[in-house]
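File shown: target_15.txt (compact mmCIF, C-alpha atoms and all ligand atoms).
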# COMPACT_ATOMS: atom_id res chain seq x y z
CA MET A 1 31.87 -121.01 101.53
CA LYS A 2 30.49 -124.11 103.26
CA THR A 3 29.46 -127.49 101.92
CA ILE A 4 26.62 -129.49 103.48
CA GLU A 5 25.80 -133.17 102.86
CA LEU A 6 22.03 -133.77 102.68
CA ASN A 7 19.80 -136.87 102.55
CA ALA A 8 16.17 -137.08 101.55
CA SER A 9 13.83 -135.85 104.27
CA VAL A 10 11.90 -138.48 106.21
CA THR A 11 8.87 -136.38 107.12
CA ALA A 12 5.50 -137.57 105.88
CA SER A 13 4.37 -134.40 104.22
CA ASN A 14 6.68 -132.47 101.96
CA ASP A 15 3.88 -130.06 101.07
CA ALA A 16 3.27 -129.14 104.74
CA ASP A 17 7.02 -128.60 105.28
CA ALA A 18 7.11 -126.40 102.18
CA ASP A 19 4.15 -124.33 103.38
CA SER A 20 5.82 -123.72 106.75
CA ILE A 21 9.02 -122.56 105.00
CA ARG A 22 6.95 -120.07 102.94
CA ILE A 23 5.24 -118.71 106.08
CA GLU A 24 8.59 -118.27 107.89
CA MET A 25 10.30 -116.67 104.89
CA LYS A 26 7.38 -114.29 104.41
CA LYS A 27 7.71 -113.21 108.07
CA LYS A 28 11.44 -112.61 107.53
CA GLY A 29 10.83 -110.70 104.30
CA THR A 30 13.24 -112.97 102.41
CA LEU A 31 12.10 -114.25 99.02
CA LEU A 32 13.22 -117.81 98.26
CA VAL A 33 13.41 -118.50 94.50
CA ASN A 34 13.75 -122.06 93.19
CA LEU A 35 15.62 -122.24 89.85
CA MET A 36 15.05 -125.36 87.77
CA SER A 37 16.43 -126.48 84.40
CA SER A 38 18.49 -129.06 82.54
CA PRO A 39 22.20 -129.28 83.32
CA GLY A 40 24.09 -126.75 81.22
CA SER A 41 21.11 -124.56 80.36
CA GLY A 42 22.82 -121.63 82.06
CA LYS A 43 21.54 -121.40 85.66
CA THR A 44 24.83 -120.49 87.30
CA THR A 45 25.79 -118.06 84.51
CA LEU A 46 22.40 -116.32 84.82
CA LEU A 47 22.69 -116.19 88.61
CA SER A 48 26.20 -114.73 88.44
CA ARG A 49 24.95 -111.98 86.13
CA ILE A 50 21.93 -111.21 88.36
CA ILE A 51 24.16 -111.09 91.44
CA LYS A 52 26.63 -108.69 89.78
CA ASP A 53 23.78 -106.44 88.59
CA LEU A 54 21.74 -106.41 91.84
CA LYS A 55 24.26 -106.88 94.64
CA ASP A 56 24.46 -103.16 95.49
CA GLU A 57 20.66 -103.01 95.87
CA LYS A 58 19.79 -106.35 97.48
CA LYS A 59 21.47 -108.84 99.80
CA ILE A 60 21.55 -112.14 97.93
CA GLY A 61 22.28 -115.71 99.00
CA VAL A 62 22.57 -118.78 96.77
CA MET A 63 22.24 -122.46 97.66
CA GLU A 64 23.80 -124.65 95.00
CA ALA A 65 22.44 -128.20 94.91
CA ASP A 66 24.46 -130.82 93.09
CA ILE A 67 25.44 -134.44 93.41
CA ALA A 68 29.15 -133.53 93.65
CA SER A 69 31.68 -130.66 93.50
CA ASP A 70 31.51 -127.09 94.72
CA VAL A 71 32.27 -125.28 91.45
CA ASP A 72 28.91 -123.50 91.22
CA ALA A 73 28.95 -122.23 94.82
CA GLN A 74 32.43 -120.85 94.16
CA ARG A 75 31.21 -119.08 90.98
CA VAL A 76 28.30 -117.33 92.68
CA GLU A 77 30.45 -116.41 95.67
CA ASP A 78 33.00 -114.87 93.29
CA ALA A 79 30.11 -112.88 91.75
CA GLY A 80 29.32 -111.42 95.18
CA ALA A 81 26.66 -113.60 96.84
CA LYS A 82 26.65 -115.46 100.12
CA SER A 83 26.65 -119.12 99.16
CA ILE A 84 26.54 -122.73 100.25
CA GLN A 85 27.08 -125.94 98.30
CA ALA A 86 24.59 -128.70 99.11
CA HIS A 87 25.32 -132.29 98.07
CA THR A 88 22.16 -134.34 97.58
CA ASP A 89 23.50 -137.87 98.19
CA GLY A 90 22.76 -138.85 94.59
CA MET A 91 19.22 -137.44 94.64
CA CYS A 92 17.91 -135.70 91.53
CA HIS A 93 16.02 -132.92 93.37
CA MET A 94 15.79 -130.91 96.58
CA ASP A 95 12.79 -131.43 98.89
CA ALA A 96 11.50 -128.95 101.47
CA GLY A 97 13.39 -130.48 104.41
CA MET A 98 16.68 -130.45 102.48
CA THR A 99 16.05 -126.83 101.48
CA ARG A 100 15.44 -125.91 105.13
CA ARG A 101 18.67 -127.59 106.25
CA ALA A 102 20.67 -125.85 103.52
CA MET A 103 19.16 -122.46 104.47
CA GLU A 104 19.97 -123.04 108.15
CA ALA A 105 23.55 -124.00 107.30
CA MET A 106 24.06 -120.94 105.07
CA GLY A 107 22.15 -118.47 107.25
CA THR A 108 19.47 -116.30 105.65
CA ASP A 109 19.17 -113.47 108.22
CA ASN A 110 19.01 -110.04 106.58
CA LEU A 111 19.00 -111.48 103.05
CA ASP A 112 16.42 -110.05 100.62
CA LEU A 113 16.65 -112.80 98.04
CA VAL A 114 17.77 -116.43 98.33
CA PHE A 115 18.14 -118.55 95.21
CA LEU A 116 18.10 -122.32 95.24
CA GLU A 117 19.86 -123.65 92.13
CA ASN A 118 18.11 -127.02 92.06
CA VAL A 119 19.73 -130.18 90.70
CA GLY A 120 19.80 -130.04 86.89
CA ASN A 121 17.01 -132.01 85.22
CA LEU A 122 13.51 -131.29 83.96
CA ILE A 123 11.64 -134.03 85.81
CA CYS A 124 12.06 -134.55 89.59
CA PRO A 125 12.58 -130.94 90.73
CA ALA A 126 9.08 -130.12 89.40
CA GLU A 127 7.57 -132.83 91.62
CA PHE A 128 8.83 -131.53 94.98
CA ASP A 129 7.73 -128.22 96.50
CA THR A 130 10.85 -126.68 98.09
CA GLY A 131 8.98 -123.96 99.99
CA ALA A 132 10.04 -121.33 97.48
CA GLY A 133 7.94 -118.19 97.10
CA LYS A 134 8.61 -118.22 93.36
CA ASN A 135 9.63 -120.98 90.96
CA ILE A 136 11.62 -120.07 87.87
CA MET A 137 12.43 -122.40 85.02
CA ILE A 138 15.24 -121.82 82.55
CA LEU A 139 15.12 -123.19 79.01
CA SER A 140 18.04 -122.46 76.70
CA ILE A 141 17.81 -122.04 72.93
CA PRO A 142 20.00 -125.10 72.13
CA GLU A 143 17.60 -127.38 74.06
CA GLY A 144 14.82 -126.83 71.50
CA ASP A 145 11.30 -125.38 71.43
CA ASP A 146 9.63 -128.78 71.96
CA LYS A 147 10.49 -129.08 75.67
CA PRO A 148 7.07 -127.82 76.89
CA LEU A 149 5.55 -130.80 75.04
CA LYS A 150 7.92 -133.30 76.68
CA TYR A 151 8.19 -131.95 80.23
CA PRO A 152 4.87 -130.16 80.85
CA LEU A 153 4.87 -130.33 84.68
CA MET A 154 7.84 -128.02 85.14
CA PHE A 155 6.27 -125.39 82.88
CA GLU A 156 2.98 -125.74 84.76
CA LYS A 157 4.65 -125.27 88.17
CA SER A 158 6.78 -122.25 87.28
CA ASP A 159 5.89 -118.61 87.89
CA ALA A 160 8.41 -117.47 85.30
CA LEU A 161 10.24 -118.97 82.35
CA VAL A 162 13.61 -117.57 81.33
CA ILE A 163 14.49 -118.48 77.74
CA THR A 164 18.22 -118.01 77.74
CA LYS A 165 21.19 -118.07 75.33
CA MET A 166 19.21 -115.79 72.96
CA ASP A 167 22.60 -114.78 71.50
CA THR A 168 22.76 -118.28 69.90
CA LYS A 169 19.33 -118.19 68.21
CA ASP A 170 20.75 -117.82 64.67
CA TYR A 171 22.46 -121.21 65.01
CA PHE A 172 19.45 -123.25 66.15
CA ASP A 173 15.97 -123.96 64.75
CA PHE A 174 14.25 -122.60 67.83
CA ASP A 175 10.84 -121.07 67.08
CA LEU A 176 10.35 -118.57 69.92
CA ASP A 177 6.69 -117.81 69.09
CA LYS A 178 5.82 -121.51 68.90
CA CYS A 179 7.60 -122.18 72.19
CA ILE A 180 5.78 -119.33 73.96
CA GLU A 181 2.44 -120.55 72.58
CA ARG A 182 3.13 -124.09 73.87
CA VAL A 183 4.13 -122.76 77.30
CA LYS A 184 1.09 -120.46 77.58
CA ARG A 185 -1.19 -123.36 76.73
CA LEU A 186 0.17 -125.16 79.83
CA ASN A 187 0.29 -122.10 82.07
CA LYS A 188 -1.49 -118.94 80.95
CA ASP A 189 -0.17 -116.83 83.87
CA ILE A 190 3.54 -117.60 83.43
CA GLU A 191 5.91 -114.64 82.88
CA ILE A 192 8.34 -115.22 80.02
CA PHE A 193 11.72 -113.50 79.70
CA PRO A 194 13.89 -114.13 76.63
CA VAL A 195 17.46 -113.22 77.69
CA SER A 196 21.13 -113.74 77.10
CA ALA A 197 23.28 -113.83 80.21
CA LYS A 198 26.24 -113.37 77.89
CA SER A 199 25.20 -110.28 75.92
CA GLY A 200 22.86 -108.89 78.59
CA GLU A 201 19.87 -108.83 76.22
CA GLY A 202 16.59 -108.94 78.19
CA MET A 203 18.29 -108.90 81.60
CA ASP A 204 16.77 -105.55 82.65
CA ASP A 205 13.21 -106.84 82.32
CA LEU A 206 14.03 -110.01 84.25
CA GLU A 207 15.82 -108.11 87.02
CA ASP A 208 13.00 -105.52 87.28
CA TRP A 209 10.52 -108.38 87.68
CA LEU A 210 12.69 -110.00 90.37
CA LEU A 211 12.95 -106.71 92.26
CA SER A 212 9.17 -106.26 92.06
CA GLN A 213 8.69 -109.78 93.46
CA VAL A 214 11.06 -109.02 96.35
CA ALA A 215 9.10 -105.82 97.10
CA LEU A 216 5.76 -107.71 97.00
CA TRP A 217 7.15 -110.42 99.29
CA LYS A 218 8.10 -107.79 101.88
CA GLU A 219 4.59 -106.24 101.97
N1 LIG A 301 26.19 -118.30 74.42
C1 LIG A 301 25.75 -118.38 75.67
N2 LIG A 301 26.26 -119.31 76.49
C2 LIG A 301 25.80 -119.36 77.77
C3 LIG A 301 24.81 -118.45 78.26
N3 LIG A 301 24.55 -118.78 79.55
C4 LIG A 301 25.34 -119.82 79.85
N4 LIG A 301 26.11 -120.18 78.79
C5 LIG A 301 27.10 -121.28 78.72
O1 LIG A 301 26.42 -122.52 78.95
C6 LIG A 301 27.27 -123.42 79.66
C7 LIG A 301 26.57 -123.93 80.90
O2 LIG A 301 26.30 -122.83 81.78
P1 LIG A 301 26.03 -123.01 83.33
O3 LIG A 301 25.67 -121.65 83.84
O4 LIG A 301 27.15 -123.71 84.02
O5 LIG A 301 24.74 -123.95 83.32
P2 LIG A 301 24.01 -124.74 84.52
O6 LIG A 301 24.52 -126.14 84.49
O7 LIG A 301 22.54 -124.68 84.20
O8 LIG A 301 24.33 -124.00 85.79
C8 LIG A 301 28.56 -122.64 79.95
O9 LIG A 301 29.51 -122.98 78.99
C9 LIG A 301 28.13 -121.19 79.82
O10 LIG A 301 29.19 -120.32 79.44
C10 LIG A 301 24.29 -117.46 77.35
O11 LIG A 301 23.41 -116.65 77.67
N5 LIG A 301 24.80 -117.49 76.08
MG MG A 302 25.07 -124.70 87.61
Please, can you express the file's structure as structure tokens?
Amino acid sequence: MKTIELNASVTASNDADADSIRIEMKKKGTLLVNLMSSPGSGKTTLLSRIIKDLKDEKKIGVMEADIASDVDAQRVEDAGAKSIQAHTDGMCHMDAGMTRRAMEAMGTDNLDLVFLENVGNLICPAEFDTGAGKNIMILSIPEGDDKPLKYPLMFEKSDALVITKMDTKDYFDFDLDKCIERVKRLNKDIEIFPVSAKSGEGMDDLEDWLLSQVALWKE
């Protein structure tokens, strides 16, 4: 597993760079999925579970973006994915140019699905298009059902919301219906998947949706 050091891109238009990534990835038939959430919400745990469940069906790569360490890239590689660790030089998000450089360093040929585990926070990653074909946000039960009120942009930009750690719901005052209503008010088309990466609850629906998105991307 490789590590790459990245700096912010200097190109004028992040949106144009992101669009060209989407066009190239569509031609290759490789779906790039950008995963965004707070630190500790369960991105790497969810990815490891998805990789274990889908690795016999689909070739999966994961780019782990963090300020330091390579622990997450090691975890997803142990689960069975091709992986690379990207260090963001202190930056709180990945931009399109950084995503391109990480993909080139990892190599995406013949992969069906490439995940970008973005830097953990609910603010900056929502502001920069990475070129992903799909954006997925993860919100965990312990974070609270008020997050759509506080960080609306990320909910607006996401194609799917995974509400994870459902196995802990008896210990927290998380109102699932209220949360879903708040999210749908921001983004009526968003797909919502309540899951637990620990117990496996809800994982089939999420994985079926991912597989359908891969199939659509290859059309
Ligand atoms: N109970 C429970 N704990 C979880 C679940 N998913 C992740 N965790 C725990 O949450 C912590 C942070 O998980 P991690 O995947 O590293 O989060 P990340 O920082 O978003 O990548 C770890 O202690 C995980 O074991 C889950 O579905 N249920
Ligand atoms: Mg992680």
What are the nearest atom pairs, with distances in Å to one decimal, for all residues of chain A that come at most 6 Å from ligand MG 302 (chain A), using all atoms listed in the file, set out by chain and rising residue number as a Markdown table?
| residue | atom | partner | partner_atom | distance |
| --- | --- | --- | --- | --- |
| A:Lys43 | CA | A:MG302 | MG | 5.2 |
| A:Thr44 | CA | A:MG302 | MG | 4.2 |
| A:Asp72 | CA | A:MG302 | MG | 5.4 |
Notebook entry, point to check: If you count only C-alpha atoms, which residues fall within 9 Å of Asn187 (chain A), apart from same-chain ones fewer than 3 positions away, as a list of chain:residue names?
Noted result: A:Phe155, A:Glu156, A:Lys157, A:Ser158, A:Asp159, A:Arg182, A:Val183, A:Lys184, A:Ile190
I need the chosen residues saved as an mmCIF file, in the coordinates of the input, with C-alpha atoms.
data_model
loop_
_atom_site.group_PDB
_atom_site.id
_atom_site.type_symbol
_atom_site.label_atom_id
_atom_site.label_comp_id
_atom_site.auth_asym_id
_atom_site.auth_seq_id
_atom_site.Cartn_x
_atom_site.Cartn_y
_atom_site.Cartn_z
ATOM 1 C CA PHE A 155 6.270 -125.390 82.880
ATOM 2 C CA GLU A 156 2.980 -125.740 84.760
ATOM 3 C CA LYS A 157 4.650 -125.270 88.170
ATOM 4 C CA SER A 158 6.780 -122.250 87.280
ATOM 5 C CA ASP A 159 5.890 -118.610 87.890
ATOM 6 C CA ARG A 182 3.130 -124.090 73.870
ATOM 7 C CA VAL A 183 4.130 -122.760 77.300
ATOM 8 C CA LYS A 184 1.090 -120.460 77.580
ATOM 9 C CA ILE A 190 3.540 -117.600 83.430
#
Next item on the list: Could you give me, as an NGL selection string, the residues within 9 Å of Asp70 (chain A), counting only C-alpha atoms and dropping anything in the same chain fewer than 3 positions from it?
Entry: :A and (3 or 64 or 66 or 73-75 or 84-87)
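Comparing the minimum interatomic distances between Lys52 (chain A) and each of A:Asp146, A:Asp208, A:Asp89, A:Glu77, counting all atoms listed in the file, we find that A:Glu77 sits nearest.
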Next item on the list: Could the residues that lie within 9 Å of ligand LIG 301 (chain A), counting only C-alpha atoms and all ligand atoms, be listed as a ChimeraX atom specification?
Entry: /A:36-48,72,117,119-120,138,140-141,164-168,195-201
With C-alpha atoms kept, could you save the residues just selected as a PDB file, in the frame of the given file?
ATOM      1  CA  MET A  36      15.050-125.360  87.770  1.00  0.00           C
ATOM      2  CA  SER A  37      16.430-126.480  84.400  1.00  0.00           C
ATOM      3  CA  SER A  38      18.490-129.060  82.540  1.00  0.00           C
ATOM      4  CA  PRO A  39      22.200-129.280  83.320  1.00  0.00           C
ATOM      5  CA  GLY A  40      24.090-126.750  81.220  1.00  0.00           C
ATOM      6  CA  SER A  41      21.110-124.560  80.360  1.00  0.00           C
ATOM      7  CA  GLY A  42      22.820-121.630  82.060  1.00  0.00           C
ATOM      8  CA  LYS A  43      21.540-121.400  85.660  1.00  0.00           C
ATOM      9  CA  THR A  44      24.830-120.490  87.300  1.00  0.00           C
ATOM     10  CA  THR A  45      25.790-118.060  84.510  1.00  0.00           C
ATOM     11  CA  LEU A  46      22.400-116.320  84.820  1.00  0.00           C
ATOM     12  CA  LEU A  47      22.690-116.190  88.610  1.00  0.00           C
ATOM     13  CA  SER A  48      26.200-114.730  88.440  1.00  0.00           C
ATOM     14  CA  ASP A  72      28.910-123.500  91.220  1.00  0.00           C
ATOM     15  CA  GLU A 117      19.860-123.650  92.130  1.00  0.00           C
ATOM     16  CA  VAL A 119      19.730-130.180  90.700  1.00  0.00           C
ATOM     17  CA  GLY A 120      19.800-130.040  86.890  1.00  0.00           C
ATOM     18  CA  ILE A 138      15.240-121.820  82.550  1.00  0.00           C
ATOM     19  CA  SER A 140      18.040-122.460  76.700  1.00  0.00           C
ATOM     20  CA  ILE A 141      17.810-122.040  72.930  1.00  0.00           C
ATOM     21  CA  THR A 164      18.220-118.010  77.740  1.00  0.00           C
ATOM     22  CA  LYS A 165      21.190-118.070  75.330  1.00  0.00           C
ATOM     23  CA  MET A 166      19.210-115.790  72.960  1.00  0.00           C
ATOM     24  CA  ASP A 167      22.600-114.780  71.500  1.00  0.00           C
ATOM     25  CA  THR A 168      22.760-118.280  69.900  1.00  0.00           C
ATOM     26  CA  VAL A 195      17.460-113.220  77.690  1.00  0.00           C
ATOM     27  CA  SER A 196      21.130-113.740  77.100  1.00  0.00           C
ATOM     28  CA  ALA A 197      23.280-113.830  80.210  1.00  0.00           C
ATOM     29  CA  LYS A 198      26.240-113.370  77.890  1.00  0.00           C
ATOM     30  CA  SER A 199      25.200-110.280  75.920  1.00  0.00           C
ATOM     31  CA  GLY A 200      22.860-108.890  78.590  1.00  0.00           C
ATOM     32  CA  GLU A 201      19.870-108.830  76.220  1.00  0.00           C
TER      33      GLU A 201
END
Check: Which is closer to Asp15 (chain A) than all the others in A:Met1, A:Leu54, A:Ala132, A:Met103, using all atoms listed in the file?
Finding: A:Ala132
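Compared by their closest atoms to Gln213 (chain A), and using only C-alpha atoms, the residues A:Val33, A:Val10, A:Ala81, A:Cys124 rank with A:Val33 nearest.
CA of Thr130 (chain A) is positioned 25.7 Å from CA of Glu57 (chain A).
Closest approach to Lys178 (chain A) among A:Met203, A:Leu149, A:Leu111, A:Ile51 is made by A:Leu149 (distances from all atoms listed in the file).
Counting all atoms listed in the file and comparing A:Asp112, A:Glu207, A:Ser83, A:Lys150, the residue that lies closest to Lys58 (chain A) is A:Asp112.
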Note to self: With distances taken over all atoms listed in the file, which residue among A:Asn7, A:Asn135, A:Ser20, A:Ser13 lies nearest His93 (chain A)?
What the structure shows: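 Using all atoms listed in the file, His93 (chain A) sits closest to A:Asn7.
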